[in-house]
Protein chains: 2
Amino acid sequence: MPKQVDGDQRRADIADAVLRLAARDGLPSVSLRSVAAESGLNIGSVRHYFDGQRDLMRFAMRSIIDRVTARLDRRRPALRPLAELTPAQAADQLTDFLAELLPLDAPRRAEATVLLEFLTAARVDPNLADLAREALRGTLALAHRLTDALALPPAAAALEAERLAGLLDGLTLRCALDPETTSPQVCREVLRAHLVSLPRP
Amino acid sequence: MPKQVDGDQRRADIADAVLRLAARDGLPSVSLRSVAAESGLNIGSVRHYFDGQRDLMRFAMRSIIDRVTARLDRRRPALRPLAELTPAQAADQLTDFLAELLPLDAPRRAEATVLLEFLTAARVDPNLADLAREALRGTLALAHRLTDALALPPAAAALEAERLAGLLDGLTLRCALDPETTSPQVCREVLRAHLVSLPRP
DNA sequence: CGTTTTCTATCACACGTGTGATATATCCAT
DNA sequence: ATGGATATATCACACGTGTGATAGAAAACG
């Protein structure tokens, strides 16, 4: 143990400061100085743990993606096979599971909004492009796993997966940016309605 | 006629430069100097037609919204009553109509991506907040008009409207940010599949 | 003509940015 | 205790930003 402070923990703390800042004031307000202030550190310390702004941004975006995939993986083992459940129970289970992606409470809302800003920024930022692809295709892969579990004919499965992924991202966007209209409750109800409308296995 | 150049036309040209710039290099790269360069004008001229950056941004975002609503209004009179059409024809007509919102070709793609950046920016920018609400609720209102035309029970209509709006926004996001996976064709097919899955009038 | 408004063009300023370079502390091991 | 790595803290610089102020050019009007 060569150091007196846990470097990984420090990096995580700094990334947290980035996320808080971005959630509160928007991604463009994130600068080395502002995250230093937000995390209670000196700018020199921040620069000691990250090579520069690019590193910082990548790490922060990476940590959001890891966080949500970790939440999903944590839930996965508790899932029961669809065959054992009534249609209503299956819909409830899947809704709860996929709701992990939606901005239904404060922390997930913060994650979703910041990730949204990262995704749009990545369009013209080569430094983030691969992470954006990973995130976007991650929700598609998740949707695909679900349509596979429903044993749809492959052609329909691909279509339904894109449809579900689109709905998830769209609900996320609308609930994150206009929660007064697209409230968390509405969001959840829409998702559930969509899931029950899918063909049964 | 007090001027030798059409002021409104100039403002529109400058707004066009903003959109080109934002589409190519991202919203954060839009500055008074960069749009002056992009539009071939001097920075002083730009400032003569706009009070400042805030005015410029508002006008540019406004012009995107107006453009897409204008496209929709232009198509509306050509729509035929659903009762006169076969289900397949009705689906085609609605798909074509709503596809006006999707980034299926280059110009609409540019509009969609830039509008997306404006929407996320508006979350923390009071100067753009009302326009973002207008845009987000506009697509919801559009979806609502459609579910009303299907004569659904009001409760289901509200749900289906949110579902359609979410799908539209999600497809827009995914197709704008990852068109290699969510291609325009896929986008269109998903939308059509969703429309045919709706209850018939 | 001259005057007045519209348009174009610069200059200057304060501010925030990322980063290179460097100094000072703080801890760990030899 | 000496040395060396780790961590914290400053300074300085070049750069881009929005905007206030102002000066010229160009057209319109009386």
# chains A, B, ... in the order shown; residues from 1 in each chain; ligands from 1

call {"tool": "interface_residues", "arguments": {"of": "chain A", "to": "chain D", "cutoff": "8 Å", "atoms": "only C-alpha atoms (C1' of nucleotides)", "output": "list in words"}}
result
Lys3, Asn42, Gly44, Ser45 and His48 of chain A

call {"tool": "write_last_selection", "arguments": {"atoms": "N, CA and C atoms", "output": "tab-separated table (two decimals), in the first residue's frame"}}
result
chain	number	residue	atom	x	y	z
A	3	LYS	N	0.33	4.40	-0.68
A	3	LYS	CA	-0.16	5.78	-0.52
A	3	LYS	C	-1.03	5.93	0.73
A	42	ASN	N	-8.14	21.31	-4.33
A	42	ASN	CA	-7.43	22.30	-5.10
A	42	ASN	C	-7.32	21.81	-6.54
A	44	GLY	N	-4.89	21.75	-8.38
A	44	GLY	CA	-3.69	20.94	-8.55
A	44	GLY	C	-3.93	19.49	-8.21
A	45	SER	N	-4.72	19.26	-7.16
A	45	SER	CA	-5.03	17.88	-6.78
A	45	SER	C	-5.83	17.18	-7.87
A	48	HIS	N	-3.74	16.09	-10.45
A	48	HIS	CA	-2.85	15.00	-10.09
A	48	HIS	C	-3.49	13.64	-10.34

call {"tool": "residues_around", "arguments": {"residues": "Ala110 of chain A", "least_positions_apart": "3", "cutoff": "9 Å", "atoms": "only C-alpha atoms (C1' of nucleotides)", "output": "compact mmCIF listing (two decimals) with N, CA and C atoms, in the first residue's frame"}}
result
# COMPACT_ATOMS: atom_id res chain seq x y z
N LEU A 19 -20.45 14.88 -11.69
CA LEU A 19 -21.85 14.54 -11.95
C LEU A 19 -22.79 15.51 -11.22
N ARG A 20 -22.47 15.82 -9.98
CA ARG A 20 -23.30 16.79 -9.26
C ARG A 20 -23.35 18.12 -10.00
N ALA A 22 -22.67 18.79 -13.17
CA ALA A 22 -23.34 18.70 -14.45
C ALA A 22 -24.85 18.60 -14.26
N ALA A 23 -25.28 17.88 -13.23
CA ALA A 23 -26.70 17.73 -12.99
C ALA A 23 -27.31 19.07 -12.58
N ARG A 24 -26.57 19.84 -11.82
CA ARG A 24 -27.11 21.10 -11.30
C ARG A 24 -27.01 22.22 -12.32
N PRO A 103 -35.57 7.93 -15.34
CA PRO A 103 -35.31 8.95 -14.31
C PRO A 103 -36.48 9.11 -13.36
N ASP A 105 -36.56 8.67 -9.94
CA ASP A 105 -36.28 9.35 -8.67
C ASP A 105 -35.08 10.28 -8.86
N ALA A 106 -34.76 11.01 -7.80
CA ALA A 106 -33.74 12.07 -7.92
C ALA A 106 -32.39 11.55 -8.42
N PRO A 107 -31.83 10.52 -7.82
CA PRO A 107 -30.50 10.11 -8.28
C PRO A 107 -30.50 9.59 -9.72
N THR A 113 -30.09 12.70 -16.91
CA THR A 113 -29.91 14.00 -17.55
C THR A 113 -28.45 14.22 -17.94
N VAL A 114 -27.55 13.86 -17.04
CA VAL A 114 -26.14 14.07 -17.35
C VAL A 114 -25.70 13.14 -18.48
N LEU A 115 -26.16 11.90 -18.44
CA LEU A 115 -25.80 10.99 -19.53
C LEU A 115 -26.33 11.52 -20.85
N ALA A 176 -36.93 13.46 -18.20
CA ALA A 176 -35.80 14.23 -17.67
C ALA A 176 -35.96 15.71 -17.96

call {"tool": "residues_around", "arguments": {"residues": "Arg133 of chain B", "least_positions_apart": "2", "cutoff": "12 Å", "atoms": "only C-alpha atoms (C1' of nucleotides)", "output": "MDAnalysis selection string"}}
result
(chainID A and resid 174:182) or (chainID B and resid 62 65 118:120 122:123 126:131 135:141)

call {"tool": "write_last_selection", "arguments": {"atoms": "N, CA and C atoms", "output": "PDB file, in the first residue's frame"}}
result
ATOM      1  N   ARG A 174     -37.977  12.670 -22.212  1.00  0.00           N
ATOM      2  CA  ARG A 174     -39.140  13.499 -21.896  1.00  0.00           C
ATOM      3  C   ARG A 174     -39.300  13.682 -20.395  1.00  0.00           C
ATOM      4  N   CYS A 175     -39.078  12.608 -19.648  1.00  0.00           N
ATOM      5  CA  CYS A 175     -39.230  12.699 -18.201  1.00  0.00           C
ATOM      6  C   CYS A 175     -38.101  13.529 -17.597  1.00  0.00           C
ATOM      7  N   ALA A 176     -36.926  13.463 -18.198  1.00  0.00           N
ATOM      8  CA  ALA A 176     -35.799  14.228 -17.672  1.00  0.00           C
ATOM      9  C   ALA A 176     -35.957  15.715 -17.962  1.00  0.00           C
ATOM     10  N   LEU A 177     -36.496  16.037 -19.134  1.00  0.00           N
ATOM     11  CA  LEU A 177     -36.527  17.435 -19.550  1.00  0.00           C
ATOM     12  C   LEU A 177     -37.865  18.114 -19.291  1.00  0.00           C
ATOM     13  N   ASP A 178     -38.935  17.336 -19.131  1.00  0.00           N
ATOM     14  CA  ASP A 178     -40.239  17.939 -18.859  1.00  0.00           C
ATOM     15  C   ASP A 178     -41.037  17.048 -17.914  1.00  0.00           C
ATOM     16  N   PRO A 179     -40.549  16.894 -16.690  1.00  0.00           N
ATOM     17  CA  PRO A 179     -41.180  15.958 -15.752  1.00  0.00           C
ATOM     18  C   PRO A 179     -42.562  16.417 -15.302  1.00  0.00           C
ATOM     19  N   GLU A 180     -42.882  17.685 -15.502  1.00  0.00           N
ATOM     20  CA  GLU A 180     -44.215  18.149 -15.120  1.00  0.00           C
ATOM     21  C   GLU A 180     -45.272  17.553 -16.039  1.00  0.00           C
ATOM     22  N   THR A 181     -44.917  17.346 -17.274  1.00  0.00           N
ATOM     23  CA  THR A 181     -45.855  16.730 -18.198  1.00  0.00           C
ATOM     24  C   THR A 181     -45.682  15.207 -18.205  1.00  0.00           C
ATOM     25  N   THR A 182     -44.461  14.783 -18.491  1.00  0.00           N
ATOM     26  CA  THR A 182     -44.180  13.350 -18.479  1.00  0.00           C
ATOM     27  C   THR A 182     -43.614  12.988 -17.113  1.00  0.00           C
TER      28      THR A 182
ATOM     29  N   ARG B  62     -35.927  29.062 -31.995  1.00  0.00           N
ATOM     30  CA  ARG B  62     -37.264  29.378 -32.495  1.00  0.00           C
ATOM     31  C   ARG B  62     -37.409  28.970 -33.953  1.00  0.00           C
ATOM     32  N   ILE B  65     -37.934  25.229 -34.457  1.00  0.00           N
ATOM     33  CA  ILE B  65     -39.299  24.822 -34.107  1.00  0.00           C
ATOM     34  C   ILE B  65     -40.286  25.254 -35.182  1.00  0.00           C
ATOM     35  N   PHE B 118     -30.317  21.904 -28.149  1.00  0.00           N
ATOM     36  CA  PHE B 118     -31.023  23.036 -27.557  1.00  0.00           C
ATOM     37  C   PHE B 118     -31.877  22.584 -26.373  1.00  0.00           C
ATOM     38  N   LEU B 119     -32.550  21.460 -26.531  1.00  0.00           N
ATOM     39  CA  LEU B 119     -33.426  20.970 -25.468  1.00  0.00           C
ATOM     40  C   LEU B 119     -32.642  20.668 -24.197  1.00  0.00           C
ATOM     41  N   THR B 120     -31.502  20.016 -24.352  1.00  0.00           N
ATOM     42  CA  THR B 120     -30.713  19.700 -23.157  1.00  0.00           C
ATOM     43  C   THR B 120     -30.125  20.976 -22.559  1.00  0.00           C
ATOM     44  N   ALA B 122     -31.453  23.835 -22.629  1.00  0.00           N
ATOM     45  CA  ALA B 122     -32.536  24.624 -22.034  1.00  0.00           C
ATOM     46  C   ALA B 122     -32.834  24.216 -20.597  1.00  0.00           C
ATOM     47  N   ARG B 123     -32.411  23.033 -20.229  1.00  0.00           N
ATOM     48  CA  ARG B 123     -32.678  22.566 -18.875  1.00  0.00           C
ATOM     49  C   ARG B 123     -32.089  23.517 -17.834  1.00  0.00           C
ATOM     50  N   PRO B 126     -32.449  29.525 -18.535  1.00  0.00           N
ATOM     51  CA  PRO B 126     -33.787  30.126 -18.449  1.00  0.00           C
ATOM     52  C   PRO B 126     -34.179  30.813 -19.753  1.00  0.00           C
ATOM     53  N   ASN B 127     -33.179  31.215 -20.495  1.00  0.00           N
ATOM     54  CA  ASN B 127     -33.417  31.919 -21.747  1.00  0.00           C
ATOM     55  C   ASN B 127     -34.096  31.034 -22.784  1.00  0.00           C
ATOM     56  N   LEU B 128     -33.980  29.726 -22.628  1.00  0.00           N
ATOM     57  CA  LEU B 128     -34.516  28.802 -23.626  1.00  0.00           C
ATOM     58  C   LEU B 128     -35.590  27.877 -23.056  1.00  0.00           C
ATOM     59  N   ALA B 129     -35.848  28.007 -21.771  1.00  0.00           N
ATOM     60  CA  ALA B 129     -36.726  27.040 -21.109  1.00  0.00           C
ATOM     61  C   ALA B 129     -38.108  26.973 -21.757  1.00  0.00           C
ATOM     62  N   ASP B 130     -38.701  28.131 -22.033  1.00  0.00           N
ATOM     63  CA  ASP B 130     -40.063  28.116 -22.571  1.00  0.00           C
ATOM     64  C   ASP B 130     -40.106  27.487 -23.962  1.00  0.00           C
ATOM     65  N   LEU B 131     -39.088  27.717 -24.752  1.00  0.00           N
ATOM     66  CA  LEU B 131     -39.056  27.116 -26.085  1.00  0.00           C
ATOM     67  C   LEU B 131     -38.942  25.599 -25.990  1.00  0.00           C
ATOM     68  N   ALA B 135     -41.551  22.874 -27.496  1.00  0.00           N
ATOM     69  CA  ALA B 135     -41.188  21.811 -28.429  1.00  0.00           C
ATOM     70  C   ALA B 135     -41.607  20.443 -27.898  1.00  0.00           C
ATOM     71  N   LEU B 136     -41.278  20.187 -26.640  1.00  0.00           N
ATOM     72  CA  LEU B 136     -41.584  18.872 -26.067  1.00  0.00           C
ATOM     73  C   LEU B 136     -43.091  18.636 -26.028  1.00  0.00           C
ATOM     74  N   ARG B 137     -43.829  19.642 -25.647  1.00  0.00           N
ATOM     75  CA  ARG B 137     -45.284  19.467 -25.569  1.00  0.00           C
ATOM     76  C   ARG B 137     -45.925  19.518 -26.945  1.00  0.00           C
ATOM     77  N   GLY B 138     -45.216  20.071 -27.899  1.00  0.00           N
ATOM     78  CA  GLY B 138     -45.729  20.075 -29.255  1.00  0.00           C
ATOM     79  C   GLY B 138     -45.831  18.670 -29.819  1.00  0.00           C
ATOM     80  N   THR B 139     -44.800  17.884 -29.635  1.00  0.00           N
ATOM     81  CA  THR B 139     -44.887  16.519 -30.167  1.00  0.00           C
ATOM     82  C   THR B 139     -45.921  15.723 -29.384  1.00  0.00           C
ATOM     83  N   LEU B 140     -46.060  16.024 -28.091  1.00  0.00           N
ATOM     84  CA  LEU B 140     -47.104  15.335 -27.325  1.00  0.00           C
ATOM     85  C   LEU B 140     -48.488  15.726 -27.834  1.00  0.00           C
ATOM     86  N   ALA B 141     -48.666  16.994 -28.123  1.00  0.00           N
ATOM     87  CA  ALA B 141     -49.958  17.453 -28.631  1.00  0.00           C
ATOM     88  C   ALA B 141     -50.262  16.789 -29.977  1.00  0.00           C
TER      89      ALA B 141
END

call {"tool": "closest_atom_pairs", "arguments": {"of": "chain A", "to": "chain B", "cutoff": "6 Å", "atoms": "only C-alpha atoms", "output": "JSON lines"}}
result
{"residue": "A:Asp25", "atom": "CA", "partner": "B:Val124", "partner_atom": "CA", "distance": 6.0}
{"residue": "A:Val124", "atom": "CA", "partner": "B:Asp25", "partner_atom": "CA", "distance": 6.0}
{"residue": "A:Arg163", "atom": "CA", "partner": "B:Val190", "partner_atom": "CA", "distance": 5.9}
{"residue": "A:Gly166", "atom": "CA", "partner": "B:Gly170", "partner_atom": "CA", "distance": 4.3}
{"residue": "A:Leu167", "atom": "CA", "partner": "B:Leu167", "partner_atom": "CA", "distance": 4.4}
{"residue": "A:Asp169", "atom": "CA", "partner": "B:Gly170", "partner_atom": "CA", "distance": 4.8}
{"residue": "A:Gly170", "atom": "CA", "partner": "B:Gly170", "partner_atom": "CA", "distance": 3.5}
{"residue": "A:Leu171", "atom": "CA", "partner": "B:Gly166", "partner_atom": "CA", "distance": 4.9}
{"residue": "A:Val190", "atom": "CA", "partner": "B:Arg163", "partner_atom": "CA", "distance": 5.9}

call {"tool": "interface_residues", "arguments": {"of": "chain C", "to": "chain B", "cutoff": "9 Å", "atoms": "only C-alpha atoms (C1' of nucleotides)", "output": "MDAnalysis selection string"}}
result
chainID C and resid 5:10

call {"tool": "write_last_selection", "arguments": {"atoms": "C-alpha atoms (C1' of nucleotides)", "output": "CSV table (one decimal), in the first residue's frame"}}
result
chain,number,residue,atom,x,y,z
C,5,DT,C1',-30.9,56.6,-39.7
C,6,DT,C1',-29.0,52.1,-40.9
C,7,DC,C1',-25.2,49.2,-41.5
C,8,DT,C1',-20.3,47.7,-41.1
C,9,DA,C1',-16.1,47.5,-38.8
C,10,DT,C1',-12.6,47.9,-34.8

call {"tool": "atom_distance", "arguments": {"atom1": "atom CA of Arg11 of chain B", "atom2": "atom CA of Phe50 of chain B"}}
result
7.9 Å

call {"tool": "atom_distance", "arguments": {"atom1": "atom CA of Pro199 of chain A", "atom2": "atom CA of Leu150 of chain A"}}
result
7.4 Å

call {"tool": "residues_around", "arguments": {"residues": "Arg192 of chain A", "least_positions_apart": "6", "cutoff": "8 Å", "atoms": "only C-alpha atoms (C1' of nucleotides)", "output": "list in words"}}
result
Ala91, Asp92 and Thr95 of chain A

call {"tool": "select_by_dssp", "arguments": {"residues": "chain B", "states": "helix (DSSP H, G or I)", "output": "VMD selection string"}}
result
chain B and resid 7 to 25 27 to 29 32 to 39 43 to 49 53 to 78 82 to 84 87 to 101 106 to 122 126 to 149 154 to 177 184 to 196

call {"tool": "atom_distance", "arguments": {"atom1": "atom CA of Ile64 of chain A", "atom2": "atom CA of Glu111 of chain A"}}
result
6.5 Å

call {"tool": "decode", "arguments": {"residues": "segment 10-30 of chain C", "atoms": "N, CA and C atoms (P, O5', C5', C4', C3', O3' and C1' of nucleotides)", "output": "PDB file, in the first residue's frame"}}
result
ATOM      1  P    DT C  10     -12.297  45.505 -40.162  1.00  0.00           P
ATOM      2  O5'  DT C  10     -11.598  46.275 -38.957  1.00  0.00           O
ATOM      3  C5'  DT C  10     -12.387  46.567 -37.813  1.00  0.00           C
ATOM      4  C4'  DT C  10     -11.703  47.610 -36.946  1.00  0.00           C
ATOM      5  C3'  DT C  10     -10.711  47.006 -35.979  1.00  0.00           C
ATOM      6  O3'  DT C  10      -9.649  47.914 -35.738  1.00  0.00           O
ATOM      7  C1'  DT C  10     -12.579  47.899 -34.791  1.00  0.00           C
ATOM      8  P    DC C  11      -8.314  47.327 -35.027  1.00  0.00           P
ATOM      9  O5'  DC C  11      -8.465  47.903 -33.549  1.00  0.00           O
ATOM     10  C5'  DC C  11      -8.875  49.258 -33.365  1.00  0.00           C
ATOM     11  C4'  DC C  11      -9.241  49.520 -31.913  1.00  0.00           C
ATOM     12  C3'  DC C  11      -8.374  48.770 -30.902  1.00  0.00           C
ATOM     13  O3'  DC C  11      -7.809  49.690 -29.980  1.00  0.00           O
ATOM     14  C1'  DC C  11     -10.685  48.509 -30.395  1.00  0.00           C
ATOM     15  P    DA C  12      -6.785  49.153 -28.851  1.00  0.00           P
ATOM     16  O5'  DA C  12      -7.750  48.934 -27.600  1.00  0.00           O
ATOM     17  C5'  DA C  12      -8.752  49.908 -27.323  1.00  0.00           C
ATOM     18  C4'  DA C  12      -9.468  49.555 -26.039  1.00  0.00           C
ATOM     19  C3'  DA C  12      -8.599  48.826 -25.017  1.00  0.00           C
ATOM     20  O3'  DA C  12      -8.888  49.318 -23.722  1.00  0.00           O
ATOM     21  C1'  DA C  12     -10.468  47.474 -25.561  1.00  0.00           C
ATOM     22  P    DC C  13      -7.907  48.922 -22.501  1.00  0.00           P
ATOM     23  O5'  DC C  13      -8.840  48.086 -21.522  1.00  0.00           O
ATOM     24  C5'  DC C  13     -10.163  48.555 -21.225  1.00  0.00           C
ATOM     25  C4'  DC C  13     -11.009  47.399 -20.761  1.00  0.00           C
ATOM     26  C3'  DC C  13     -10.281  46.445 -19.811  1.00  0.00           C
ATOM     27  O3'  DC C  13     -10.784  46.618 -18.498  1.00  0.00           O
ATOM     28  C1'  DC C  13     -11.627  45.285 -21.432  1.00  0.00           C
ATOM     29  P    DA C  14      -9.959  45.971 -17.284  1.00  0.00           P
ATOM     30  O5'  DA C  14     -11.017  44.925 -16.719  1.00  0.00           O
ATOM     31  C5'  DA C  14     -12.418  45.187 -16.830  1.00  0.00           C
ATOM     32  C4'  DA C  14     -13.183  43.879 -16.775  1.00  0.00           C
ATOM     33  C3'  DA C  14     -12.634  42.883 -15.745  1.00  0.00           C
ATOM     34  O3'  DA C  14     -13.726  42.246 -15.083  1.00  0.00           O
ATOM     35  C1'  DA C  14     -12.620  41.892 -17.881  1.00  0.00           C
ATOM     36  P    DC C  15     -13.456  41.284 -13.848  1.00  0.00           P
ATOM     37  O5'  DC C  15     -13.667  39.851 -14.516  1.00  0.00           O
ATOM     38  C5'  DC C  15     -14.883  39.576 -15.226  1.00  0.00           C
ATOM     39  C4'  DC C  15     -14.766  38.254 -15.962  1.00  0.00           C
ATOM     40  C3'  DC C  15     -14.123  37.133 -15.147  1.00  0.00           C
ATOM     41  O3'  DC C  15     -15.092  36.136 -14.897  1.00  0.00           O
ATOM     42  C1'  DC C  15     -13.358  37.155 -17.414  1.00  0.00           C
ATOM     43  P    DG C  16     -14.828  35.020 -13.767  1.00  0.00           P
ATOM     44  O5'  DG C  16     -14.593  33.713 -14.649  1.00  0.00           O
ATOM     45  C5'  DG C  16     -15.562  33.336 -15.624  1.00  0.00           C
ATOM     46  C4'  DG C  16     -14.982  32.275 -16.523  1.00  0.00           C
ATOM     47  C3'  DG C  16     -14.238  31.163 -15.784  1.00  0.00           C
ATOM     48  O3'  DG C  16     -14.743  29.894 -16.176  1.00  0.00           O
ATOM     49  C1'  DG C  16     -12.880  32.080 -17.519  1.00  0.00           C
ATOM     50  P    DT C  17     -14.165  28.554 -15.620  1.00  0.00           P
ATOM     51  O5'  DT C  17     -13.180  28.031 -16.755  1.00  0.00           O
ATOM     52  C5'  DT C  17     -13.707  27.838 -18.073  1.00  0.00           C
ATOM     53  C4'  DT C  17     -12.592  27.513 -19.029  1.00  0.00           C
ATOM     54  C3'  DT C  17     -11.572  26.531 -18.504  1.00  0.00           C
ATOM     55  O3'  DT C  17     -12.053  25.226 -18.710  1.00  0.00           O
ATOM     56  C1'  DT C  17     -10.537  28.326 -19.733  1.00  0.00           C
ATOM     57  P    DG C  18     -11.263  24.019 -18.082  1.00  0.00           P
ATOM     58  O5'  DG C  18      -9.938  23.908 -18.983  1.00  0.00           O
ATOM     59  C5'  DG C  18     -10.056  23.440 -20.300  1.00  0.00           C
ATOM     60  C4'  DG C  18      -8.693  23.238 -20.915  1.00  0.00           C
ATOM     61  C3'  DG C  18      -7.841  22.173 -20.219  1.00  0.00           C
ATOM     62  O3'  DG C  18      -7.077  21.467 -21.196  1.00  0.00           O
ATOM     63  C1'  DG C  18      -6.767  24.285 -20.052  1.00  0.00           C
ATOM     64  P    DT C  19      -6.263  20.194 -20.712  1.00  0.00           P
ATOM     65  O5'  DT C  19      -4.808  20.825 -20.555  1.00  0.00           O
ATOM     66  C5'  DT C  19      -4.294  21.632 -21.602  1.00  0.00           C
ATOM     67  C4'  DT C  19      -3.003  22.309 -21.177  1.00  0.00           C
ATOM     68  C3'  DT C  19      -2.012  21.399 -20.426  1.00  0.00           C
ATOM     69  O3'  DT C  19      -0.766  21.443 -21.073  1.00  0.00           O
ATOM     70  C1'  DT C  19      -2.268  23.467 -19.324  1.00  0.00           C
ATOM     71  P    DG C  20       0.240  20.217 -20.872  1.00  0.00           P
ATOM     72  O5'  DG C  20       1.647  20.947 -20.645  1.00  0.00           O
ATOM     73  C5'  DG C  20       2.058  21.987 -21.525  1.00  0.00           C
ATOM     74  C4'  DG C  20       3.051  22.894 -20.818  1.00  0.00           C
ATOM     75  C3'  DG C  20       4.120  22.139 -20.033  1.00  0.00           C
ATOM     76  O3'  DG C  20       5.411  22.642 -20.348  1.00  0.00           O
ATOM     77  C1'  DG C  20       2.998  23.706 -18.614  1.00  0.00           C
ATOM     78  P    DA C  21       6.720  21.967 -19.690  1.00  0.00           P
ATOM     79  O5'  DA C  21       6.939  22.815 -18.363  1.00  0.00           O
ATOM     80  C5'  DA C  21       6.820  24.242 -18.421  1.00  0.00           C
ATOM     81  C4'  DA C  21       7.109  24.827 -17.053  1.00  0.00           C
ATOM     82  C3'  DA C  21       8.131  24.030 -16.236  1.00  0.00           C
ATOM     83  O3'  DA C  21       9.146  24.902 -15.762  1.00  0.00           O
ATOM     84  C1'  DA C  21       6.157  24.397 -14.955  1.00  0.00           C
ATOM     85  P    DT C  22      10.394  24.281 -14.889  1.00  0.00           P
ATOM     86  O5'  DT C  22       9.975  24.607 -13.391  1.00  0.00           O
ATOM     87  C5'  DT C  22       9.271  25.812 -13.116  1.00  0.00           C
ATOM     88  C4'  DT C  22       8.746  25.825 -11.697  1.00  0.00           C
ATOM     89  C3'  DT C  22       9.642  25.123 -10.669  1.00  0.00           C
ATOM     90  O3'  DT C  22      10.006  26.041  -9.661  1.00  0.00           O
ATOM     91  C1'  DT C  22       7.376  24.556 -10.364  1.00  0.00           C
ATOM     92  P    DA C  23      11.261  25.676  -8.676  1.00  0.00           P
ATOM     93  O5'  DA C  23      10.568  25.817  -7.237  1.00  0.00           O
ATOM     94  C5'  DA C  23       9.778  26.959  -6.952  1.00  0.00           C
ATOM     95  C4'  DA C  23       8.667  26.581  -5.975  1.00  0.00           C
ATOM     96  C3'  DA C  23       9.175  25.993  -4.648  1.00  0.00           C
ATOM     97  O3'  DA C  23       8.752  26.816  -3.592  1.00  0.00           O
ATOM     98  C1'  DA C  23       7.364  24.746  -5.539  1.00  0.00           C
ATOM     99  P    DT C  24       9.552  26.682  -2.199  1.00  0.00           P
ATOM    100  O5'  DT C  24       8.574  25.820  -1.277  1.00  0.00           O
ATOM    101  C5'  DT C  24       7.256  26.291  -1.022  1.00  0.00           C
ATOM    102  C4'  DT C  24       6.351  25.131  -0.646  1.00  0.00           C
ATOM    103  C3'  DT C  24       6.754  24.389   0.627  1.00  0.00           C
ATOM    104  O3'  DT C  24       5.742  24.601   1.587  1.00  0.00           O
ATOM    105  C1'  DT C  24       5.985  22.929  -1.070  1.00  0.00           C
ATOM    106  P    DA C  25       6.115  24.322   3.153  1.00  0.00           P
ATOM    107  O5'  DA C  25       4.800  23.538   3.585  1.00  0.00           O
ATOM    108  C5'  DA C  25       4.507  22.587   3.585  1.00  0.00           C
ATOM    109  C4'  DA C  25       3.612  21.509   3.126  1.00  0.00           C
ATOM    110  C3'  DA C  25       3.571  20.383   4.153  1.00  0.00           C
ATOM    111  O3'  DA C  25       2.225  20.110   4.448  1.00  0.00           O
ATOM    112  C1'  DA C  25       4.108  19.591   1.983  1.00  0.00           C
ATOM    113  P    DT C  26       1.926  19.526   5.943  1.00  0.00           P
ATOM    114  O5'  DT C  26       1.678  17.957   5.735  1.00  0.00           O
ATOM    115  C5'  DT C  26       0.902  17.514   4.610  1.00  0.00           C
ATOM    116  C4'  DT C  26       1.273  16.102   4.226  1.00  0.00           C
ATOM    117  C3'  DT C  26       1.639  15.184   5.398  1.00  0.00           C
ATOM    118  O3'  DT C  26       0.676  14.150   5.459  1.00  0.00           O
ATOM    119  C1'  DT C  26       3.078  14.855   3.548  1.00  0.00           C
ATOM    120  P    DC C  27       0.542  13.292   6.835  1.00  0.00           P
ATOM    121  O5'  DC C  27       1.175  11.878   6.388  1.00  0.00           O
ATOM    122  C5'  DC C  27       0.545  11.131   5.341  1.00  0.00           C
ATOM    123  C4'  DC C  27       1.580  10.301   4.604  1.00  0.00           C
ATOM    124  C3'  DC C  27       2.142   9.107   5.371  1.00  0.00           C
ATOM    125  O3'  DC C  27       1.566   7.919   4.866  1.00  0.00           O
ATOM    126  C1'  DC C  27       3.783  10.200   4.019  1.00  0.00           C
ATOM    127  P    DC C  28       1.715   6.547   5.687  1.00  0.00           P
ATOM    128  O5'  DC C  28       2.937   5.833   4.943  1.00  0.00           O
ATOM    129  C5'  DC C  28       2.881   5.682   3.525  1.00  0.00           C
ATOM    130  C4'  DC C  28       4.174   5.072   3.011  1.00  0.00           C
ATOM    131  C3'  DC C  28       4.739   3.954   3.885  1.00  0.00           C
ATOM    132  O3'  DC C  28       4.935   2.794   3.103  1.00  0.00           O
ATOM    133  C1'  DC C  28       6.422   5.590   3.390  1.00  0.00           C
ATOM    134  P    DA C  29       5.480   1.462   3.807  1.00  0.00           P
ATOM    135  O5'  DA C  29       7.000   1.414   3.352  1.00  0.00           O
ATOM    136  C5'  DA C  29       7.311   1.522   1.964  1.00  0.00           C
ATOM    137  C4'  DA C  29       8.808   1.706   1.761  1.00  0.00           C
ATOM    138  C3'  DA C  29       9.671   0.610   2.387  1.00  0.00           C
ATOM    139  O3'  DA C  29      10.706   0.249   1.490  1.00  0.00           O
ATOM    140  C1'  DA C  29      10.342   2.721   3.209  1.00  0.00           C
ATOM    141  P    DT C  30      11.481  -1.147   1.790  1.00  0.00           P
ATOM    142  O5'  DT C  30      13.016  -0.710   1.835  1.00  0.00           O
ATOM    143  C5'  DT C  30      13.500   0.232   0.870  1.00  0.00           C
ATOM    144  C4'  DT C  30      14.662   1.029   1.455  1.00  0.00           C
ATOM    145  C3'  DT C  30      15.768   0.164   2.073  1.00  0.00           C
ATOM    146  O3'  DT C  30      17.012   0.477   1.469  1.00  0.00           O
ATOM    147  C1'  DT C  30      15.181   1.939   3.520  1.00  0.00           C
TER     148       DT C  30
END
